[in-house]
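Structure file structure-v3.cif with mmCIF, C-alpha atoms:
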```cif
data_protein
loop_
_atom_site.label_atom_id
_atom_site.label_comp_id
_atom_site.auth_asym_id
_atom_site.auth_seq_id
_atom_site.Cartn_x
_atom_site.Cartn_y
_atom_site.Cartn_z
CA MET J 844 0.81 15.32 -1.23
CA ASN J 845 2.05 17.81 1.30
CA ARG J 846 3.79 16.21 4.23
CA ILE J 847 4.59 17.81 7.57
CA THR J 848 8.06 16.73 8.62
CA ALA J 849 10.19 17.72 11.57
CA PRO J 850 13.92 18.42 11.43
CA VAL J 851 16.18 15.43 11.80
CA ILE J 852 16.03 14.30 15.39
CA LEU J 853 18.86 12.27 16.83
CA LEU J 854 16.55 9.91 18.65
CA PHE J 855 14.69 9.08 15.44
CA ALA J 856 18.04 8.19 13.86
CA LEU J 857 18.82 5.95 16.81
CA ALA J 858 15.42 4.30 16.45
CA ALA J 859 16.13 3.56 12.79
CA ALA J 860 19.27 1.71 13.83
CA GLN J 861 17.50 -0.28 16.52
CA ALA J 862 17.14 -3.97 15.72
CA ARG J 863 14.30 -5.54 17.69
CA ALA J 864 12.77 -8.92 17.13
CA ASP J 865 9.95 -8.67 19.69
CA LEU J 866 6.46 -8.57 18.22
CA ALA J 867 4.21 -8.78 21.27
CA PHE J 868 0.92 -7.43 19.93
CA GLN J 869 -1.94 -6.34 22.17
CA ARG J 870 -5.37 -5.65 20.66
CA TRP J 871 -8.63 -4.21 21.96
CA GLN J 872 -11.60 -2.13 20.88
CA THR J 873 -12.40 1.30 22.29
CA PRO J 874 -15.90 2.27 23.46
CA ASP J 875 -16.23 4.23 20.20
CA GLY J 876 -15.67 1.09 18.13
CA ALA J 877 -12.10 1.83 17.03
CA THR J 878 -9.57 -1.02 17.05
CA VAL J 879 -6.20 -0.48 18.72
CA VAL J 880 -3.10 -2.67 18.34
CA LEU J 881 -0.12 -1.89 20.55
CA VAL J 882 3.50 -3.06 20.62
CA GLU J 883 5.31 -1.74 23.69
CA ARG J 884 8.97 -0.82 23.22
CA HIS J 885 10.32 1.33 26.01
CA SER J 886 14.01 1.36 25.13
CA LEU J 887 13.72 4.73 23.38
CA PRO J 888 11.34 7.63 24.16
CA ILE J 889 9.56 7.53 20.81
CA VAL J 890 6.01 6.65 19.74
CA ASN J 891 5.04 5.74 16.17
CA VAL J 892 1.36 5.65 15.25
CA SER J 893 -0.64 4.74 12.15
CA VAL J 894 -4.38 5.48 11.94
CA THR J 895 -6.04 3.58 9.10
CA PHE J 896 -9.56 4.50 8.02
CA LYS J 897 -11.00 1.40 6.43
CA GLY J 898 -12.97 2.10 3.26
CA ALA J 899 -11.59 5.63 2.86
CA GLY J 900 -9.39 4.71 -0.11
CA GLN J 901 -9.98 4.91 -3.83
CA ALA J 902 -12.37 1.96 -4.00
CA GLY J 903 -14.65 3.81 -1.56
CA GLU J 904 -14.93 6.97 -3.64
CA SER J 905 -18.29 8.26 -4.76
CA GLU J 906 -16.51 10.95 -6.81
CA LYS J 907 -13.32 10.50 -8.85
CA GLY J 908 -10.16 11.58 -7.07
CA ALA J 909 -11.87 12.21 -3.74
CA ALA J 910 -9.79 9.75 -1.69
CA GLY J 911 -6.37 10.87 -2.86
CA PHE J 912 -7.08 14.57 -2.64
CA THR J 913 -8.75 14.27 0.75
CA ALA J 914 -5.68 12.56 2.19
CA ALA J 915 -3.33 14.99 0.46
CA MET J 916 -5.22 17.99 1.80
CA LEU J 917 -5.55 16.90 5.44
CA ASP J 918 -2.40 18.77 6.43
CA SER J 919 -3.14 21.88 4.36
CA GLY J 920 -5.04 23.70 7.07
CA SER J 921 -7.38 23.05 9.97
CA GLU J 922 -9.93 24.89 12.05
CA LYS J 923 -7.13 26.11 14.32
CA TYR J 924 -4.10 26.36 12.02
CA GLY J 925 -3.36 27.47 8.48
CA GLU J 926 -1.10 25.43 6.22
CA ASN J 927 2.12 27.19 7.22
CA GLU J 928 1.13 27.29 10.87
CA LEU J 929 0.61 23.54 10.87
CA ARG J 930 4.06 23.02 9.46
CA ASP J 931 5.66 25.47 11.89
CA GLU J 932 3.96 23.84 14.87
CA ALA J 933 5.11 20.40 13.75
CA ASN J 934 8.66 21.67 13.44
CA ARG J 935 8.49 23.30 16.86
CA LEU J 936 7.33 20.09 18.48
CA GLY J 937 9.61 17.82 16.46
CA VAL J 938 6.81 15.55 15.27
CA GLU J 939 6.15 13.89 11.92
CA ILE J 940 2.68 13.68 10.40
CA GLY J 941 1.68 12.43 6.96
CA ALA J 942 -1.34 11.04 5.15
CA SER J 943 -2.01 8.89 2.09
CA ALA J 944 -4.80 6.96 0.39
CA GLY J 945 -4.49 3.51 -1.18
CA ALA J 946 -6.77 1.23 -3.14
CA GLU J 947 -9.07 0.50 -0.19
CA ASN J 948 -8.02 2.54 2.84
CA ALA J 949 -6.56 5.88 3.87
CA ALA J 950 -4.00 6.28 6.63
CA VAL J 951 -2.43 9.00 8.76
CA SER J 952 1.03 8.43 10.22
CA PHE J 953 2.35 10.14 13.34
CA ALA J 954 5.68 10.00 15.21
CA ALA J 955 6.77 11.97 18.27
CA LEU J 956 8.85 11.84 21.39
CA SER J 957 7.02 10.21 24.26
CA ARG J 958 7.82 13.11 26.61
CA PRO J 959 4.36 13.92 28.06
CA GLN J 960 4.04 17.54 26.98
CA THR J 961 5.50 16.95 23.51
CA LEU J 962 3.29 13.92 22.93
CA SER J 963 0.19 15.71 24.20
CA ASP J 964 0.76 18.76 22.00
CA GLY J 965 1.65 16.57 19.03
CA LEU J 966 -1.55 14.57 19.38
CA LYS J 967 -3.59 17.75 19.47
CA LEU J 968 -1.93 18.81 16.23
CA ALA J 969 -2.57 15.42 14.63
CA ASN J 970 -6.20 15.59 15.74
CA GLN J 971 -6.60 18.91 13.97
CA ILE J 972 -5.41 17.24 10.77
CA ILE J 973 -7.52 14.10 11.16
CA ALA J 974 -10.79 15.50 12.51
CA HIS J 975 -10.82 19.22 11.68
CA PRO J 976 -9.38 19.86 8.19
CA VAL J 977 -10.78 22.83 6.27
CA PHE J 978 -9.66 22.01 2.69
CA ASP J 979 -8.63 25.54 1.78
CA PRO J 980 -9.87 26.30 -1.81
CA ALA J 981 -6.68 28.18 -2.71
CA VAL J 982 -4.50 25.27 -1.61
CA LEU J 983 -6.78 22.84 -3.46
CA GLU J 984 -6.33 24.74 -6.71
CA ARG J 985 -2.57 24.55 -6.27
CA GLU J 986 -2.76 20.81 -5.53
CA LYS J 987 -4.98 20.20 -8.55
CA GLY J 988 -2.56 22.03 -10.80
CA GLN J 989 0.35 19.98 -9.52
CA ALA J 990 -1.61 16.74 -9.85
CA ALA J 991 -2.66 17.52 -13.43
CA THR J 992 0.95 18.31 -14.34
CA ALA J 993 2.15 15.12 -12.67
CA LEU J 994 -0.42 13.05 -14.57
CA ARG J 995 0.70 14.52 -17.90
CA GLN J 996 4.33 13.83 -17.05
CA ASN J 997 3.57 10.28 -15.95
CA LEU J 998 1.67 9.58 -19.13
CA SER J 999 4.82 10.46 -21.07
CA SER J 1000 6.36 7.29 -19.56
CA PRO J 1001 5.58 4.09 -21.49
CA ALA J 1002 5.90 2.05 -18.28
CA PHE J 1003 3.32 4.19 -16.47
CA ALA J 1004 0.98 4.11 -19.46
CA ALA J 1005 1.26 0.32 -19.70
CA ALA J 1006 0.61 -0.23 -16.00
CA ARG J 1007 -2.36 2.14 -16.05
CA GLU J 1008 -3.89 0.48 -19.10
CA LEU J 1009 -3.35 -2.99 -17.63
CA THR J 1010 -5.38 -1.96 -14.58
CA ARG J 1011 -8.16 -0.74 -16.86
CA LEU J 1012 -8.11 -3.97 -18.86
CA SER J 1013 -8.12 -6.12 -15.73
CA TYR J 1014 -10.76 -4.25 -13.73
CA GLY J 1015 -12.88 -2.24 -16.18
CA SER J 1016 -15.47 -0.26 -14.24
CA HIS J 1017 -14.64 -2.00 -10.95
CA PRO J 1018 -13.68 0.35 -8.07
CA TYR J 1019 -10.13 -1.06 -8.03
CA ALA J 1020 -9.56 0.79 -11.31
CA ASN J 1021 -10.78 4.16 -10.01
CA ASP J 1022 -7.28 5.64 -9.86
CA ALA J 1023 -6.36 4.31 -13.32
CA ARG J 1024 -9.48 5.95 -14.78
CA LEU J 1025 -8.71 9.37 -13.28
CA GLU J 1026 -8.25 11.92 -16.06
CA GLU J 1027 -7.17 15.55 -16.00
CA ALA J 1028 -10.76 16.68 -16.42
CA ASP J 1029 -11.69 14.72 -13.29
CA ILE J 1030 -8.91 16.43 -11.37
CA ARG J 1031 -10.12 19.84 -12.49
CA ALA J 1032 -13.67 19.00 -11.38
CA ILE J 1033 -12.73 18.26 -7.77
CA SER J 1034 -14.04 20.85 -5.31
CA THR J 1035 -13.74 21.46 -1.59
CA ASP J 1036 -17.26 20.06 -1.28
CA THR J 1037 -16.02 16.82 -2.87
CA LEU J 1038 -13.39 16.48 -0.16
CA LYS J 1039 -15.71 17.45 2.67
CA ARG J 1040 -18.26 14.85 1.60
CA HIS J 1041 -15.62 12.14 1.40
CA HIS J 1042 -14.14 13.09 4.77
CA ARG J 1043 -17.52 13.18 6.53
CA SER J 1044 -18.60 9.82 5.12
CA ARG J 1045 -15.34 7.85 5.33
CA TYR J 1046 -13.38 9.18 8.33
CA ALA J 1047 -15.03 8.08 11.56
CA LYS J 1048 -14.36 6.35 14.85
CA ASN J 1049 -15.86 2.96 14.08
CA ASN J 1050 -13.72 2.39 10.96
CA ALA J 1051 -10.48 3.63 12.58
CA TYR J 1052 -7.69 1.10 13.17
CA ILE J 1053 -4.92 2.52 15.31
CA ALA J 1054 -1.48 0.90 15.43
CA ILE J 1055 0.88 2.15 18.15
CA VAL J 1056 4.50 1.07 18.56
CA GLY J 1057 6.99 2.44 21.06
CA ASP J 1058 7.22 4.00 24.48
CA ALA J 1059 3.57 3.74 25.55
CA THR J 1060 1.68 1.54 27.98
CA ARG J 1061 -1.77 0.14 27.27
CA ALA J 1062 -3.38 2.90 29.33
CA GLN J 1063 -1.41 5.55 27.44
CA ALA J 1064 -2.28 3.92 24.12
CA GLY J 1065 -5.97 4.26 24.95
CA GLN J 1066 -5.45 7.94 25.65
CA ILE J 1067 -3.55 8.34 22.36
CA ALA J 1068 -6.40 6.74 20.43
CA ALA J 1069 -9.02 8.92 22.07
CA ALA J 1070 -7.00 12.09 21.47
CA LEU J 1071 -6.49 11.33 17.78
CA LEU J 1072 -10.14 10.56 17.03
CA ASP J 1073 -11.79 13.27 19.11
CA GLY J 1074 -14.38 15.16 17.05
CA LEU J 1075 -14.82 12.58 14.29
CA PRO J 1076 -18.27 11.17 13.46
CA GLU J 1077 -19.24 8.02 15.32
CA LYS J 1078 -19.84 5.89 12.22
CA ALA J 1079 -18.60 5.80 8.64
CA ALA J 1080 -20.49 4.72 5.55
CA ALA J 1081 -19.03 1.35 4.54
CA PRO J 1082 -18.40 0.99 0.80
CA ASP J 1083 -19.53 -2.19 -0.89
CA ILE J 1084 -16.73 -3.60 -3.05
CA PRO J 1085 -18.09 -6.03 -5.64
CA PRO J 1086 -16.20 -9.17 -6.70
CA ALA J 1087 -13.35 -8.55 -9.10
CA PRO J 1088 -14.02 -9.26 -12.79
CA GLU J 1089 -13.02 -12.60 -14.25
CA PRO J 1090 -9.88 -12.32 -16.40
CA ALA J 1091 -10.53 -12.38 -20.12
CA GLY J 1092 -7.11 -12.54 -21.81
CA ARG J 1093 -7.40 -9.16 -23.50
CA SER J 1094 -4.43 -7.60 -25.32
CA GLU J 1095 -3.63 -4.06 -26.41
CA ASN J 1096 -0.79 -2.64 -28.49
CA ARG J 1097 -0.38 1.10 -28.26
CA PRO J 1098 1.93 3.28 -30.34
CA PHE J 1099 4.20 5.61 -28.43
CA SER J 1100 6.50 8.08 -30.13
CA GLY J 1101 9.63 9.72 -28.80
CA LYS J 1102 10.93 6.83 -26.70
CA GLU J 1103 13.58 4.28 -27.60
CA GLN J 1104 12.06 1.53 -25.52
CA ALA J 1105 8.71 -0.18 -25.30
CA ALA J 1106 6.98 -1.11 -22.05
CA VAL J 1107 5.12 -4.36 -21.47
CA ALA J 1108 2.74 -5.26 -18.66
CA LEU J 1109 0.67 -8.40 -18.27
CA GLY J 1110 -1.51 -9.54 -15.41
CA LEU J 1111 -4.99 -10.18 -14.01
CA PRO J 1112 -7.05 -10.05 -10.80
CA PHE J 1113 -5.27 -12.57 -8.61
CA ALA J 1114 -5.62 -12.95 -4.85
CA GLU J 1115 -7.68 -11.92 -1.85
CA ARG J 1116 -5.92 -10.74 1.28
CA GLN J 1117 -7.30 -13.53 3.46
CA SER J 1118 -6.51 -16.30 0.98
CA PRO J 1119 -5.40 -19.57 2.61
CA ASP J 1120 -2.88 -19.78 -0.24
CA ARG J 1121 -1.11 -16.58 0.79
CA HIS J 1122 2.20 -18.16 1.86
CA ALA J 1123 2.37 -20.43 -1.18
CA LEU J 1124 1.64 -17.44 -3.39
CA ALA J 1125 4.40 -15.40 -1.74
CA VAL J 1126 6.96 -18.17 -2.18
CA GLY J 1127 5.86 -18.70 -5.77
CA ASN J 1128 6.04 -15.03 -6.65
CA TYR J 1129 9.61 -14.84 -5.36
CA ILE J 1130 10.56 -17.73 -7.63
CA LEU J 1131 8.68 -16.44 -10.68
CA GLY J 1132 9.60 -12.75 -10.71
CA GLY J 1133 9.82 -11.24 -7.24
CA GLY J 1134 13.30 -12.49 -6.39
CA GLY J 1135 15.35 -10.15 -8.55
CA PHE J 1136 18.25 -11.96 -10.20
CA ASP J 1137 17.08 -15.21 -8.55
CA SER J 1138 13.79 -15.23 -10.43
CA ARG J 1139 12.90 -17.33 -13.47
CA LEU J 1140 11.75 -14.35 -15.48
CA MET J 1141 15.05 -12.57 -14.95
CA LYS J 1142 17.14 -15.65 -15.72
CA THR J 1143 15.25 -16.29 -18.94
CA LEU J 1144 14.49 -12.84 -20.36
CA ARG J 1145 17.72 -11.13 -19.26
CA ASP J 1146 20.38 -13.80 -18.73
CA GLY J 1147 19.23 -16.32 -21.31
CA LYS J 1148 17.80 -14.19 -24.11
CA GLY J 1149 19.20 -10.72 -23.51
CA LEU J 1150 15.80 -9.13 -24.13
CA VAL J 1151 15.53 -6.93 -21.03
CA TYR J 1152 17.66 -5.23 -18.40
CA GLY J 1153 15.16 -6.11 -15.70
CA VAL J 1154 11.79 -7.79 -15.23
CA SER J 1155 9.69 -8.38 -12.14
CA SER J 1156 6.40 -9.77 -10.93
CA HIS J 1157 4.34 -8.53 -8.01
CA TYR J 1158 0.87 -8.83 -6.60
CA THR J 1159 -1.27 -6.89 -4.14
CA PRO J 1160 -3.82 -8.92 -2.17
CA LEU J 1161 -7.00 -6.96 -1.41
CA THR J 1162 -10.46 -7.63 0.02
CA ARG J 1163 -11.43 -8.87 -3.44
CA LYS J 1164 -8.92 -10.26 -5.92
CA GLY J 1165 -6.06 -7.76 -6.05
CA PRO J 1166 -3.81 -7.37 -9.09
CA PHE J 1167 -0.93 -9.56 -10.23
CA ALA J 1168 1.41 -8.07 -12.84
CA VAL J 1169 4.63 -8.77 -14.69
CA SER J 1170 6.31 -5.68 -16.11
CA PHE J 1171 9.45 -4.79 -18.06
CA THR J 1172 10.84 -2.46 -20.70
CA THR J 1173 12.70 -3.61 -23.79
CA LYS J 1174 13.75 -2.50 -27.25
CA LYS J 1175 10.83 -1.60 -29.46
CA SER J 1176 11.87 -4.20 -32.00
CA GLY J 1177 12.04 -6.92 -29.35
CA ALA J 1178 8.85 -6.22 -27.44
CA GLN J 1179 6.74 -8.99 -28.96
CA ALA J 1180 9.51 -11.56 -28.54
CA ALA J 1181 9.97 -10.53 -24.91
CA LEU J 1182 6.23 -10.72 -24.28
CA ALA J 1183 6.08 -14.20 -25.80
CA ALA J 1184 9.04 -15.31 -23.69
CA ALA J 1185 7.44 -13.95 -20.52
CA ARG J 1186 4.19 -15.74 -21.30
CA GLN J 1187 6.11 -19.00 -21.78
CA VAL J 1188 7.97 -18.65 -18.47
CA ILE J 1189 4.69 -18.02 -16.64
CA ALA J 1190 2.96 -20.93 -18.37
CA ASP J 1191 5.81 -23.32 -17.55
CA PHE J 1192 5.87 -22.21 -13.92
CA VAL J 1193 2.12 -22.61 -13.49
CA ALA J 1194 2.11 -26.00 -15.23
CA ASN J 1195 5.08 -27.54 -13.43
CA GLY J 1196 5.65 -25.56 -10.24
CA PRO J 1197 9.08 -24.81 -8.75
CA SER J 1198 12.09 -27.04 -8.42
CA GLU J 1199 13.29 -28.02 -4.96
CA ALA J 1200 16.35 -25.80 -5.43
CA GLU J 1201 14.18 -22.82 -6.30
CA LEU J 1202 11.92 -23.53 -3.35
CA ARG J 1203 14.86 -23.68 -0.96
CA GLN J 1204 16.34 -20.44 -2.26
CA ALA J 1205 12.99 -18.63 -1.94
CA LYS J 1206 12.42 -19.85 1.60
CA ASP J 1207 15.93 -18.90 2.69
CA ASN J 1208 15.52 -15.39 1.33
CA LEU J 1209 12.03 -14.78 2.71
CA THR J 1210 12.80 -16.10 6.18
CA GLY J 1211 16.32 -14.67 6.30
CA SER J 1212 15.18 -11.14 5.45
CA PHE J 1213 12.20 -11.25 7.80
CA PRO J 1214 13.95 -9.90 10.95
CA LEU J 1215 14.95 -6.74 9.05
CA SER J 1216 11.31 -6.12 8.13
CA HIS J 1217 10.45 -5.09 11.69
CA ASP J 1218 13.75 -3.87 13.16
CA THR J 1219 12.47 -0.33 13.82
CA ASN J 1220 9.32 1.15 15.30
CA ALA J 1221 8.45 2.73 11.95
CA LYS J 1222 8.53 -0.68 10.23
CA THR J 1223 6.76 -2.51 13.04
CA VAL J 1224 3.86 -0.06 13.02
CA GLY J 1225 3.03 -1.37 9.56
CA PHE J 1226 2.84 -4.89 10.96
CA ALA J 1227 0.61 -3.68 13.79
CA ALA J 1228 -1.66 -1.91 11.30
CA ASN J 1229 -1.94 -5.10 9.25
CA ILE J 1230 -2.91 -7.05 12.37
CA ALA J 1231 -5.53 -4.41 13.22
CA VAL J 1232 -7.10 -3.72 9.84
CA ASN J 1233 -7.25 -7.32 8.67
CA ASN J 1234 -8.11 -8.92 12.02
CA LEU J 1235 -5.13 -11.26 11.88
CA PRO J 1236 -4.18 -13.52 14.81
CA LEU J 1237 -1.86 -11.83 17.28
CA ASP J 1238 0.75 -14.52 16.65
CA TYR J 1239 0.56 -14.12 12.86
CA TYR J 1240 4.11 -12.82 12.54
CA ASP J 1241 5.46 -15.19 15.21
CA ARG J 1242 4.38 -18.05 12.94
CA TYR J 1243 5.40 -16.44 9.66
CA THR J 1244 8.78 -18.12 9.18
CA GLN J 1245 7.43 -21.52 10.20
CA GLN J 1246 4.57 -21.18 7.72
CA ILE J 1247 6.93 -20.20 4.91
CA GLU J 1248 9.18 -23.14 5.77
CA ALA J 1249 6.19 -25.49 5.67
CA VAL J 1250 5.28 -24.59 2.06
CA THR J 1251 5.89 -27.43 -0.40
CA ALA J 1252 6.53 -27.35 -4.12
CA GLU J 1253 3.19 -29.06 -4.72
CA GLN J 1254 1.39 -26.42 -2.65
CA VAL J 1255 2.99 -23.65 -4.71
CA LYS J 1256 2.02 -25.37 -7.94
CA ALA J 1257 -1.56 -25.99 -6.83
CA ALA J 1258 -2.03 -22.44 -5.51
CA TRP J 1259 -0.81 -20.85 -8.70
CA GLN J 1260 -2.87 -23.15 -10.86
CA ARG J 1261 -5.98 -22.13 -8.90
CA ARG J 1262 -5.19 -18.44 -9.26
CA LEU J 1263 -3.62 -17.96 -12.68
CA ASP J 1264 -4.68 -19.25 -16.06
CA PRO J 1265 -1.87 -18.17 -18.45
CA GLN J 1266 -4.38 -18.03 -21.33
CA LYS J 1267 -6.37 -15.38 -19.47
CA LEU J 1268 -3.54 -12.97 -18.79
CA ASN J 1269 -4.32 -9.46 -19.96
CA ALA J 1270 -1.40 -7.84 -21.77
CA VAL J 1271 -0.47 -4.29 -22.76
CA THR J 1272 2.42 -3.28 -24.99
CA VAL J 1273 3.20 0.41 -25.32
CA GLY J 1274 5.63 1.62 -27.98
CA ALA J 1275 6.41 -1.66 -29.76
CA GLN J 1276 7.25 -1.63 -33.43
#
```
Would you kindly transcribe this structure into C-alpha cells?
Amino acid sequence: MNRITAPVILLFALAAAQARADLAFQRWQTPDGATVVLVERHSLPIVNVSVTFKGAGQAGESEKGAAGFTAAMLDSGSEKYGENELRDEANRLGVEIGASAGAENAAVSFAALSRPQTLSDGLKLANQIIAHPVFDPAVLEREKGQAATALRQNLSSPAFAAARELTRLSYGSHPYANDARLEEADIRAISTDTLKRHHRSRYAKNNAYIAIVGDATRAQAGQIAAALLDGLPEKAAAPDIPPAPEPAGRSENRPFSGKEQAAVALGLPFAERQSPDRHALAVGNYILGGGGFDSRLMKTLRDGKGLVYGVSSHYTPLTRKGPFAVSFTTKKSGAQAALAAARQVIADFVANGPSEAELRQAKDNLTGSFPLSHDTNAKTVGFAANIAVNNLPLDYYDRYTQQIEAVTAEQVKAAWQRRLDPQKLNAVTVGAQ
C-alpha cells in the first residue's frame, strides 16, 4: 500500500512521548448518520483521526481483492491531484494520511497540526482521498505487479503458508477466508471498475465511524467529520456475514522443499467481539500462549522440551467467531512431536484452567501494561475507534483493569471450555519430514 507521510515533525515526536491517562470519550451521531467519538487533549496542537468504514473490509467483498486494493489505491490519485501531487501536498502541509483494509472494515488515518489553516487544508486533502479517488489504471497495474510478487515471496515462507492454509481449513468458503483464498490470478483480474464498485457500495456516510483525539473541541470535531465525508454517498450496502463454520478437527501435512525448518499452525473459529467472556478469554490467552516467556506453551515446548525457539497463541474477535491460532516453527524432524506437545498443553489448559499463580501473573501484566496502551494520541485514537465501531460503553476502558482483576480461574476455565474443544482444532504442518 502506498502511504502519504510527512517529514518528521517535532511536535509529533513530542506527542509520542506524552503519557496521558485520561480517556474521556464523547460520542454522538451526525445528521448524515456517521458516528463520532472524541477525546479532547489540548496540551499539544495536534489532531489524530481515524475514519472506519464498517463493512468495507475483506468480508464485504463481492469481488476477490477488492477491499485491499481499494484501500491501497485511495492515495494514488484523486479528482484534484495526481499521485505525486497528493504526496507533495501532504509534505507541504506536514500531514499524515494512510489507509488499510482488514477482515471486516476499512480505515483511513489522518494526523495534522491543529493550526486552523493547516488543519483545514489537510482535511480537504484527506477528503480527496476518501471521497474522490480516481484509481488510476497505470498505478493499479503497478500495484498488482507488486502484490503478485509479494504473494509469491510470502508463499516461499513455511510460516505464511501454514497460517494461510489454517485459515482456509477453519473457514472454507466463509468470507473471513477471502484474503487467504486470494491467488495471483485473482490479483491480475482486478480492474479499476472493481475498485470503483467497491468504493461506491462500501464507503458512505452512514457506515462511517470517526474517532478524533487531540486539540479539538466538540464543535470542531463536528466540522472535521463533515469535511472528511463531504461528497460520499449517503448510505452503504451492508454485507451480510454468515455464522462461522463449526470446527471439524481437520489436519494437513504439506511438503516444503528448500527450508531447514517446518512451520506448524493449529486453531479454529473462536470468539465474537461482543462475547461476555472477552476478559476471561484475554487472561486465558496470556497464560496459554500470549504471554511470551510467561506462557505455558513457551515453558513446555521451548524450556521443557527444547522443540522450538518460540511459540505463541493469539485470537482476533470479530462480528462472528474470529480465529484462534497457535503457531511456531521447529526442526523438520521434530514437527510432529512439537505438534503433539502443543496439543497436550492446550488440552490440559482447557481441562484444568490456570493456576492461581498463573492468573496473578497474567492480571499483573495486563493491568500493568494498560496505561502504556493509550499514552499517545495515535494510540488513543484506536481506543476511540473501537468505542465507535463496536458501540461500546463510554466507560469501557475506565473499567478495563477492574474487569481484568475480577476474572477468576474458574471463569477462565469455563470460558475456554465453551470456546475450544481440543479435539476439533484444525492443524497444518508445512515442511515436516
Identify, on the basis of all atoms listed in the file, every residue whose closest approach to Pro1197 in chain J does not exceed 9 Å; exclude the query and any residue fewer than 2 positions from it along the same chain; express the result as a list in words.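 Near neighbours after the sequence-gap exclusion: Gly1127, Ile1130, Leu1131, Phe1192, Val1193, Asn1195, Glu1199, Ala1200, Glu1201, Leu1202, Ala1252, Glu1253, Val1255 and Lys1256 of chain J.
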Name every residue that the PyMOL selection byres ((chain J and resi 1050) around 7) selects in this structure, writing the answer as an MDAnalysis selection string with chains first and numbers rising. chainID J and resid 877 896:897 1047:1049 1051:1052 1079
Take the point (3.9, 8.6, 19.4) in the file's coordinates, draw a sphere of radius 12 Å around it, and report as a VMD selection string every protein, DNA or RNA residue with an atom inside or on it, counting all atoms listed in the file. chain J and resid 855 881 to 885 887 to 894 937 to 940 952 to 967 969 1053 to 1060 1063 to 1064 1066 to 1068 1070 to 1071 1220 to 1221 1224
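The closest residue to Phe1003 in chain J, picked from J:Val982, J:Ala909, J:Ala1257, J:Ala1023 and counting all atoms listed in the file, is J:Ala1023.
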Using only C-alpha atoms for the distances, tell me which of J:Pro980, J:Gly1133, J:Gly920, J:Gly1065 is nearest to Pro874 in chain J.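 Of J:Pro980, J:Gly1133, J:Gly920, J:Gly1065, the one nearest Pro874 in chain J, counting only C-alpha atoms, is J:Gly1065.
The smallest atom-to-atom distance between Ala867 in chain J and any of J:Ala1108, J:Thr1223, J:Asn1234, J:Glu906, using only C-alpha atoms, is found for J:Thr1223.
Nearest to Val1169 in chain J of all the residues J:Ile972, J:Ala1194, J:Val879, J:Ala1184 is J:Ala1184, based on all atoms listed in the file.
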Using all atoms listed in the file, the shortest atom-to-atom distance to Gln1260 in chain J among J:Asp979, J:Asp1241, J:Asp1207, J:Asp1120 belongs to J:Asp1120
For the file shown, report as a count of residues only the outcome of the PyMOL selection byres ((chain J and resi 994) around 12) at residue level. 25
Name the closest residue to Ala949 in chain J among the candidates J:Ala1178, J:Leu1268, J:Val1232, J:Val1154; distances are taken between atoms, counting all atoms listed in the file. J:Val1232
One-decimal distance in Å that lies between CA of Ile973 in chain J and CA of Ala944 in chain J: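 Result for CA of Ala944 in chain J versus CA of Ile973 in chain J: 13.2 Å, one decimal.
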Please measure the separation of CA of Ala910 in chain J and CA of Tyr924 in chain J, giving the value in Å to one decimal. 22.3 Å
When the PyMOL selection byres ((chain J and resi 1084-1091) around 7) is applied to the file above, which residues end up in the set, as a PyMOL selection string? chain J and resi 1013-1014+1017+1082-1083+1092-1093+1111-1112+1163-1164+1267-1269
Residues within 12 Å of Ser921 in chain J, all atoms listed in the file, excluding chain neighbours under 5 positions, as an MDAnalysis selection string: chainID J and resid 916 926:930 967:979
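Here CA of Val1250 in chain J is placed at a distance of 14.5 Å from CA of Ser1118 in chain J.
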